[in-house]
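Text of structure35.pdb, listed as PDB, C-alpha atoms:
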ATOM      1  CA  MET Y   1      28.871  13.641 -18.680
ATOM      2  CA  ILE Y   2      29.365  11.936 -15.322
ATOM      3  CA  GLU Y   3      31.698   8.991 -14.930
ATOM      4  CA  ILE Y   4      31.221   6.529 -12.091
ATOM      5  CA  LYS Y   5      34.634   5.100 -11.273
ATOM      6  CA  HIS Y   6      35.957   2.208  -9.234
ATOM      7  CA  LYS Y   7      37.147   3.425  -5.820
ATOM      8  CA  GLU Y   8      40.517   1.661  -6.035
ATOM      9  CA  THR Y   9      41.449   1.242  -9.685
ATOM     10  CA  GLY Y  10      39.829   4.406 -11.081
ATOM     11  CA  ALA Y  11      38.395   2.357 -13.956
ATOM     12  CA  VAL Y  12      35.198   3.798 -15.413
ATOM     13  CA  LEU Y  13      32.283   1.552 -14.461
ATOM     14  CA  HIS Y  14      29.498   3.575 -16.070
ATOM     15  CA  ARG Y  15      28.907   6.903 -17.837
ATOM     16  CA  VAL Y  16      25.776   9.011 -17.440
ATOM     17  CA  ASP Y  17      24.966  11.703 -19.979
ATOM     18  CA  ALA Y  18      23.719  14.247 -17.419
ATOM     19  CA  ASP Y  19      24.916  17.033 -15.143
ATOM     20  CA  THR Y  20      23.706  15.272 -11.985
ATOM     21  CA  LEU Y  21      22.965  11.770 -10.789
ATOM     22  CA  GLN Y  22      19.817  12.865  -8.959
ATOM     23  CA  GLY Y  23      16.824  10.842 -10.113
ATOM     24  CA  GLN Y  24      18.830   8.774 -12.608
ATOM     25  CA  ILE Y  25      17.891   5.192 -13.448
ATOM     26  CA  LEU Y  26      20.861   2.925 -12.779
ATOM     27  CA  SER Y  27      18.887  -0.287 -12.347
ATOM     28  CA  GLY Y  28      20.734  -3.476 -13.162
ATOM     29  CA  LYS Y  29      24.102  -1.702 -13.534
ATOM     30  CA  LYS Y  30      27.343  -3.413 -12.515
ATOM     31  CA  LEU Y  31      28.822  -0.872 -10.104
ATOM     32  CA  ALA Y  32      30.741  -3.099  -7.681
ATOM     33  CA  GLY Y  33      33.410  -1.052  -5.901
ATOM     34  CA  ALA Y  34      32.008   2.264  -7.174
ATOM     35  CA  LYS Y  35      33.225   5.503  -5.636
ATOM     36  CA  LEU Y  36      30.007   7.386  -4.848
ATOM     37  CA  ALA Y  37      31.134   9.126  -1.649
ATOM     38  CA  GLY Y  38      29.734  12.598  -1.037
ATOM     39  CA  VAL Y  39      27.457  12.462  -4.095
ATOM     40  CA  ASP Y  40      23.822  13.612  -4.211
ATOM     41  CA  LEU Y  41      21.971  10.471  -5.286
ATOM     42  CA  THR Y  42      18.504  11.611  -4.256
ATOM     43  CA  GLY Y  43      15.815   9.528  -5.943
ATOM     44  CA  VAL Y  44      18.235   7.333  -7.919
ATOM     45  CA  ASN Y  45      16.829   3.964  -8.995
ATOM     46  CA  PHE Y  46      19.483   1.305  -8.301
ATOM     47  CA  ARG Y  47      16.997  -1.582  -8.540
ATOM     48  CA  ASN Y  48      18.815  -4.907  -8.925
ATOM     49  CA  ALA Y  49      22.201  -3.174  -9.314
ATOM     50  CA  ASP Y  50      25.494  -4.713  -8.195
ATOM     51  CA  LEU Y  51      26.846  -2.263  -5.610
ATOM     52  CA  ARG Y  52      29.020  -4.645  -3.597
ATOM     53  CA  HIS Y  53      31.905  -2.870  -1.866
ATOM     54  CA  ALA Y  54      30.706   0.542  -3.148
ATOM     55  CA  ASP Y  55      31.624   3.616  -1.103
ATOM     56  CA  PHE Y  56      28.668   5.923  -0.370
ATOM     57  CA  THR Y  57      30.269   7.737   2.597
ATOM     58  CA  GLY Y  58      28.453  11.006   3.294
ATOM     59  CA  SER Y  59      26.157  10.723   0.259
ATOM     60  CA  GLN Y  60      22.582  11.985  -0.005
ATOM     61  CA  LEU Y  61      20.347   9.029  -0.835
ATOM     62  CA  GLU Y  62      16.868  10.222   0.088
ATOM     63  CA  LYS Y  63      14.097   8.224  -1.601
ATOM     64  CA  ALA Y  64      16.597   6.100  -3.539
ATOM     65  CA  SER Y  65      15.533   2.611  -4.597
ATOM     66  CA  PHE Y  66      17.861  -0.272  -3.762
ATOM     67  CA  TYR Y  67      15.181  -2.914  -4.352
ATOM     68  CA  GLU Y  68      16.845  -6.341  -4.777
ATOM     69  CA  CYS Y  69      20.307  -4.712  -4.849
ATOM     70  CA  SER Y  70      23.510  -6.385  -3.835
ATOM     71  CA  LEU Y  71      25.151  -3.952  -1.410
ATOM     72  CA  SER Y  72      27.267  -6.464   0.490
ATOM     73  CA  PHE Y  73      30.228  -4.848   2.239
ATOM     74  CA  ALA Y  74      29.323  -1.367   0.982
ATOM     75  CA  ILE Y  75      30.365   1.616   3.069
ATOM     76  CA  MET Y  76      27.441   3.858   3.983
ATOM     77  CA  ASP Y  77      28.869   5.813   6.907
ATOM     78  CA  ASP Y  78      27.229   9.201   7.534
ATOM     79  CA  VAL Y  79      24.742   8.850   4.648
ATOM     80  CA  VAL Y  80      21.345  10.518   4.681
ATOM     81  CA  CYS Y  81      19.169   7.787   3.245
ATOM     82  CA  THR Y  82      15.667   8.580   4.443
ATOM     83  CA  GLU Y  83      12.585   7.006   2.867
ATOM     84  CA  ALA Y  84      14.725   4.701   0.721
ATOM     85  CA  ASP Y  85      13.697   1.203  -0.381
ATOM     86  CA  PHE Y  86      16.025  -1.735   0.377
ATOM     87  CA  THR Y  87      13.328  -4.429   0.014
ATOM     88  CA  GLU Y  88      14.893  -7.855  -0.575
ATOM     89  CA  GLY Y  89      18.346  -6.276  -0.707
ATOM     90  CA  ALA Y  90      21.577  -8.039   0.208
ATOM     91  CA  LEU Y  91      23.346  -5.816   2.749
ATOM     92  CA  GLU Y  92      25.567  -8.361   4.489
ATOM     93  CA  GLY Y  93      28.599  -6.719   6.034
ATOM     94  CA  VAL Y  94      27.464  -3.163   5.212
ATOM     95  CA  HIS Y  95      29.098  -0.503   7.396
ATOM     96  CA  ALA Y  96      26.634   2.331   8.073
ATOM     97  CA  HIS Y  97      27.942   4.093  11.179
ATOM     98  CA  ASN Y  98      26.070   7.336  12.031
ATOM     99  CA  ALA Y  99      23.794   6.954   8.997
ATOM    100  CA  ASP Y 100      20.167   8.129   8.822
ATOM    101  CA  PHE Y 101      17.734   5.564   7.391
ATOM    102  CA  SER Y 102      14.588   7.015   8.961
ATOM    103  CA  GLY Y 103      11.428   5.915   7.202
ATOM    104  CA  SER Y 104      13.299   3.494   4.946
ATOM    105  CA  VAL Y 105      12.067   0.001   4.043
ATOM    106  CA  PHE Y 106      14.223  -3.098   4.602
ATOM    107  CA  ARG Y 107      11.506  -5.766   4.271
ATOM    108  CA  TYR Y 108      13.019  -9.212   3.627
ATOM    109  CA  ALA Y 109      16.499  -7.641   3.378
ATOM    110  CA  LYS Y 110      19.591  -9.488   4.581
ATOM    111  CA  LEU Y 111      21.718  -7.403   6.956
ATOM    112  CA  ALA Y 112      23.742 -10.152   8.660
ATOM    113  CA  ASN Y 113      27.083  -8.972  10.053
ATOM    114  CA  CYS Y 114      26.280  -5.347   9.254
ATOM    115  CA  ASP Y 115      27.394  -2.421  11.423
ATOM    116  CA  PHE Y 116      24.588   0.086  11.878
ATOM    117  CA  SER Y 117      25.945   1.333  15.203
ATOM    118  CA  HIS Y 118      24.820   4.858  16.054
ATOM    119  CA  ALA Y 119      22.510   4.798  13.003
ATOM    120  CA  LYS Y 120      19.061   6.348  12.942
ATOM    121  CA  LEU Y 121      16.270   4.028  11.767
ATOM    122  CA  VAL Y 122      13.272   5.901  13.175
ATOM    123  CA  GLY Y 123      10.060   4.527  11.711
ATOM    124  CA  ALA Y 124      11.962   2.140   9.419
ATOM    125  CA  ASP Y 125      10.232  -1.034   8.241
ATOM    126  CA  ALA Y 126      12.617  -3.955   8.703
ATOM    127  CA  SER Y 127       9.926  -6.577   9.184
ATOM    128  CA  VAL Y 128      10.883 -10.127   8.235
ATOM    129  CA  ALA Y 129      14.470  -8.988   7.643
ATOM    130  CA  ASP Y 130      17.697 -10.666   8.745
ATOM    131  CA  LEU Y 131      19.063  -8.172  11.281
ATOM    132  CA  ARG Y 132      21.788 -10.267  12.900
ATOM    133  CA  GLY Y 133      24.247  -7.395  13.048
ATOM    134  CA  ASN Y 134      25.448  -4.502  15.177
ATOM    135  CA  PHE Y 135      22.751  -1.969  16.034
ATOM    136  CA  SER Y 136      24.356  -0.720  19.246
ATOM    137  CA  HIS Y 137      23.399   2.862  20.098
ATOM    138  CA  ALA Y 138      21.019   2.865  17.101
ATOM    139  CA  ASP Y 139      17.737   4.760  17.233
ATOM    140  CA  LEU Y 140      15.024   2.260  16.264
ATOM    141  CA  THR Y 141      12.148   4.301  17.668
ATOM    142  CA  ASP Y 142       8.829   3.293  16.055
ATOM    143  CA  ALA Y 143      10.624   0.787  13.775
ATOM    144  CA  ASP Y 144       8.698  -2.231  12.503
ATOM    145  CA  LEU Y 145      10.840  -5.256  13.345
ATOM    146  CA  ARG Y 146       8.058  -7.861  13.375
ATOM    147  CA  GLY Y 147       9.191 -11.312  12.343
ATOM    148  CA  SER Y 148      12.802 -10.248  11.927
ATOM    149  CA  LYS Y 149      15.792 -12.482  12.673
ATOM    150  CA  MET Y 150      17.814 -10.779  15.383
ATOM    151  CA  GLU Y 151      19.561 -13.767  16.952
ATOM    152  CA  GLY Y 152      22.799 -12.595  18.509
ATOM    153  CA  ALA Y 153      22.251  -8.998  17.356
ATOM    154  CA  LYS Y 154      24.117  -6.290  19.220
ATOM    155  CA  LEU Y 155      21.421  -3.922  20.479
ATOM    156  CA  GLN Y 156      23.126  -2.527  23.563
ATOM    157  CA  ASN Y 157      22.120   1.083  24.275
ATOM    158  CA  ALA Y 158      19.709   0.983  21.301
ATOM    159  CA  ASP Y 159      16.479   2.956  21.529
ATOM    160  CA  LEU Y 160      13.623   0.564  20.747
ATOM    161  CA  THR Y 161      10.879   2.852  22.076
ATOM    162  CA  ASN Y 162       7.561   1.834  20.494
ATOM    163  CA  ALA Y 163       9.332  -0.535  18.075
ATOM    164  CA  LYS Y 164       7.134  -3.402  16.896
ATOM    165  CA  LEU Y 165       8.891  -6.607  17.928
ATOM    166  CA  LYS Y 166       6.111  -9.199  17.683
ATOM    167  CA  GLY Y 167       7.506 -12.436  16.289
ATOM    168  CA  ALA Y 168      11.076 -11.120  16.172
ATOM    169  CA  SER Y 169      13.662 -13.720  17.173
ATOM    170  CA  LEU Y 170      15.925 -12.135  19.769
ATOM    171  CA  ILE Y 171      17.632 -15.294  21.056
ATOM    172  CA  GLY Y 172      21.105 -14.353  22.268
ATOM    173  CA  ALA Y 173      20.651 -10.682  21.346
ATOM    174  CA  ASN Y 174      22.475  -8.210  23.576
ATOM    175  CA  LEU Y 175      19.824  -5.794  24.848
ATOM    176  CA  SER Y 176      21.878  -4.386  27.731
ATOM    177  CA  HIS Y 177      20.969  -0.777  28.439
ATOM    178  CA  ALA Y 178      18.561  -0.745  25.482
ATOM    179  CA  THR Y 179      15.379   1.286  25.866
ATOM    180  CA  TYR Y 180      12.188  -0.770  25.464
ATOM    181  CA  GLU Y 181       9.171  -1.993  27.404
ATOM    182  CA  SER Y 182       8.962  -5.676  28.344
ATOM    183  CA  SER Y 183       5.460  -5.742  26.800
ATOM    184  CA  GLN Y 184       7.093  -5.152  23.397
ATOM    185  CA  LEU Y 185       8.763  -8.563  23.673
ATOM    186  CA  GLU Y 186       5.522 -10.446  24.332
ATOM    187  CA  GLY Y 187       3.677 -12.344  21.616
TER     188      GLY Y 187
END
Taking this structure as input, can you express it in the form of structure tokens?
Amino acid sequence: MIEIKHKETGAVLHRVDADTLQGQILSGKKLAGAKLAGVDLTGVNFRNADLRHADFTGSQLEKASFYECSLSFAIMDDVVCTEADFTEGALEGVHAHNADFSGSVFRYAKLANCDFSHAKLVGADASVADLRGNFSHADLTDADLRGSKMEGAKLQNADLTNAKLKGASLIGANLSHATYESSQLEG
């Protein structure tokens, strides 16, 4: 039996009758403020779950589904979250410093005021997403950012090599010392 507890109060938010959370279905669960730091959550289905203010620091989240999840103000520092699905997710204010989201999907997700500084988003699909946050020093190599809202985004020292930027709104974005080709900004 695994108990998922609130990070501050210690109150039990949910019980899972299993030895591991890997591959579990937690869709639609109310897990706001959950303490999930350092946990192996590979392949977990969190679809439409309430994970606001949850702490995932250092967790393994490969191939997890966060489709339509509310992750606002969650802490995702140092997570390995490759090939995960955040489609239509609410990630406003998420802190994901030094996290690896390579190959993950953020289509139509809302990441306003997030901090993904020093994060790795190689090959991520964040097309048509709201990316008005901090992506300074982030690796966005080969990322699909077409049609995304990046007004005022902090992209200084970001690596945008081969990133698809067609139709992305970069008005007021800070691209100082970012790596990209001017041809990427055309169209």
- Residues selected by the PyMOL selection byres ((chain Y and resi 50-55) around 12), written as an MDAnalysis selection string: chainID Y and resid 4:8 13 26:39 46:49 56:59 66:79 89:96
Using only C-alpha atoms, find each residue of region 60-138 of chain Y with at least one atom at most 12 Å away from an atom of region 172-175 of chain Y; report its shortest atom-to-atom pair and that distance in Å (one decimal), sort the rows by chain and rising residue number, and return the result as JSON lines.
{"residue": "Y:Leu131", "atom": "CA", "partner": "Y:Ala173", "partner_atom": "CA", "distance": 10.5}
{"residue": "Y:Arg132", "atom": "CA", "partner": "Y:Ala173", "partner_atom": "CA", "distance": 8.5}
{"residue": "Y:Gly133", "atom": "CA", "partner": "Y:Ala173", "partner_atom": "CA", "distance": 9.6}
{"residue": "Y:Asn134", "atom": "CA", "partner": "Y:Asn174", "partner_atom": "CA", "distance": 9.7}
{"residue": "Y:Phe135", "atom": "CA", "partner": "Y:Asn174", "partner_atom": "CA", "distance": 9.8}
{"residue": "Y:Ser136", "atom": "CA", "partner": "Y:Leu175", "partner_atom": "CA", "distance": 8.8}
{"residue": "Y:His137", "atom": "CA", "partner": "Y:Leu175", "partner_atom": "CA", "distance": 10.5}
{"residue": "Y:Ala138", "atom": "CA", "partner": "Y:Leu175", "partner_atom": "CA", "distance": 11.7}
- Message: I'd like to see the residues matched by the PyMOL selection byres ((chain Y and resi 2) around 12) on this file, and ideally I'd get them as an NGL selection string.
- Response: :Y and (1 or 3-5 or 12-22 or 24 or 36 or 39)
- Query: Of the residues Y:Gly152, Y:Gly10, Y:Gly103, Y:Gly23, which is the one nearest to Gly43 (chain Y), using all atoms listed in the file?
  - Reply: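 Of Y:Gly152, Y:Gly10, Y:Gly103, Y:Gly23, the one nearest Gly43 (chain Y), counting all atoms listed in the file, is Y:Gly23.
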Output, as lines of an AutoDock Vina configuration file, the centre and edge lengths in Å (one decimal) of the axis-aligned box that contains all listed atoms of region 17-24 of chain Y with 3 Å of margin on each side.
center_x = 20.9
center_y = 12.9
center_z = -14.5
size_x = 14.1
size_y = 14.3
size_z = 17.0
- Which residues, written as a VMD selection string, have at least one atom at most 7 Å from Leu165 (chain Y), with only C-alpha atoms counted and residues fewer than 3 positions away on the same chain left out? chain Y and resid 144 to 146 168 184 to 185
Distance query Cys81 (chain Y) at most 7 Å, all atoms listed in the file, self and fewer than 2 positions along chain excluded, as a PDB file with C-alpha atoms, in the frame of the given file:
ATOM      1  CA  GLN Y  60      22.582  11.985  -0.005  1.00  0.00           C
ATOM      2  CA  LEU Y  61      20.347   9.029  -0.835  1.00  0.00           C
ATOM      3  CA  GLU Y  62      16.868  10.222   0.088  1.00  0.00           C
ATOM      4  CA  VAL Y  79      24.742   8.850   4.648  1.00  0.00           C
ATOM      5  CA  GLU Y  83      12.585   7.006   2.867  1.00  0.00           C
ATOM      6  CA  ALA Y  84      14.725   4.701   0.721  1.00  0.00           C
ATOM      7  CA  ASP Y 100      20.167   8.129   8.822  1.00  0.00           C
ATOM      8  CA  PHE Y 101      17.734   5.564   7.391  1.00  0.00           C
TER       9      PHE Y 101
END
- Item | Residue members of the PyMOL selection byres ((chain Y and resi 105) around 7) in the file shown, as a ChimeraX atom specification | /Y:84-87,103-104,106-107,124-126
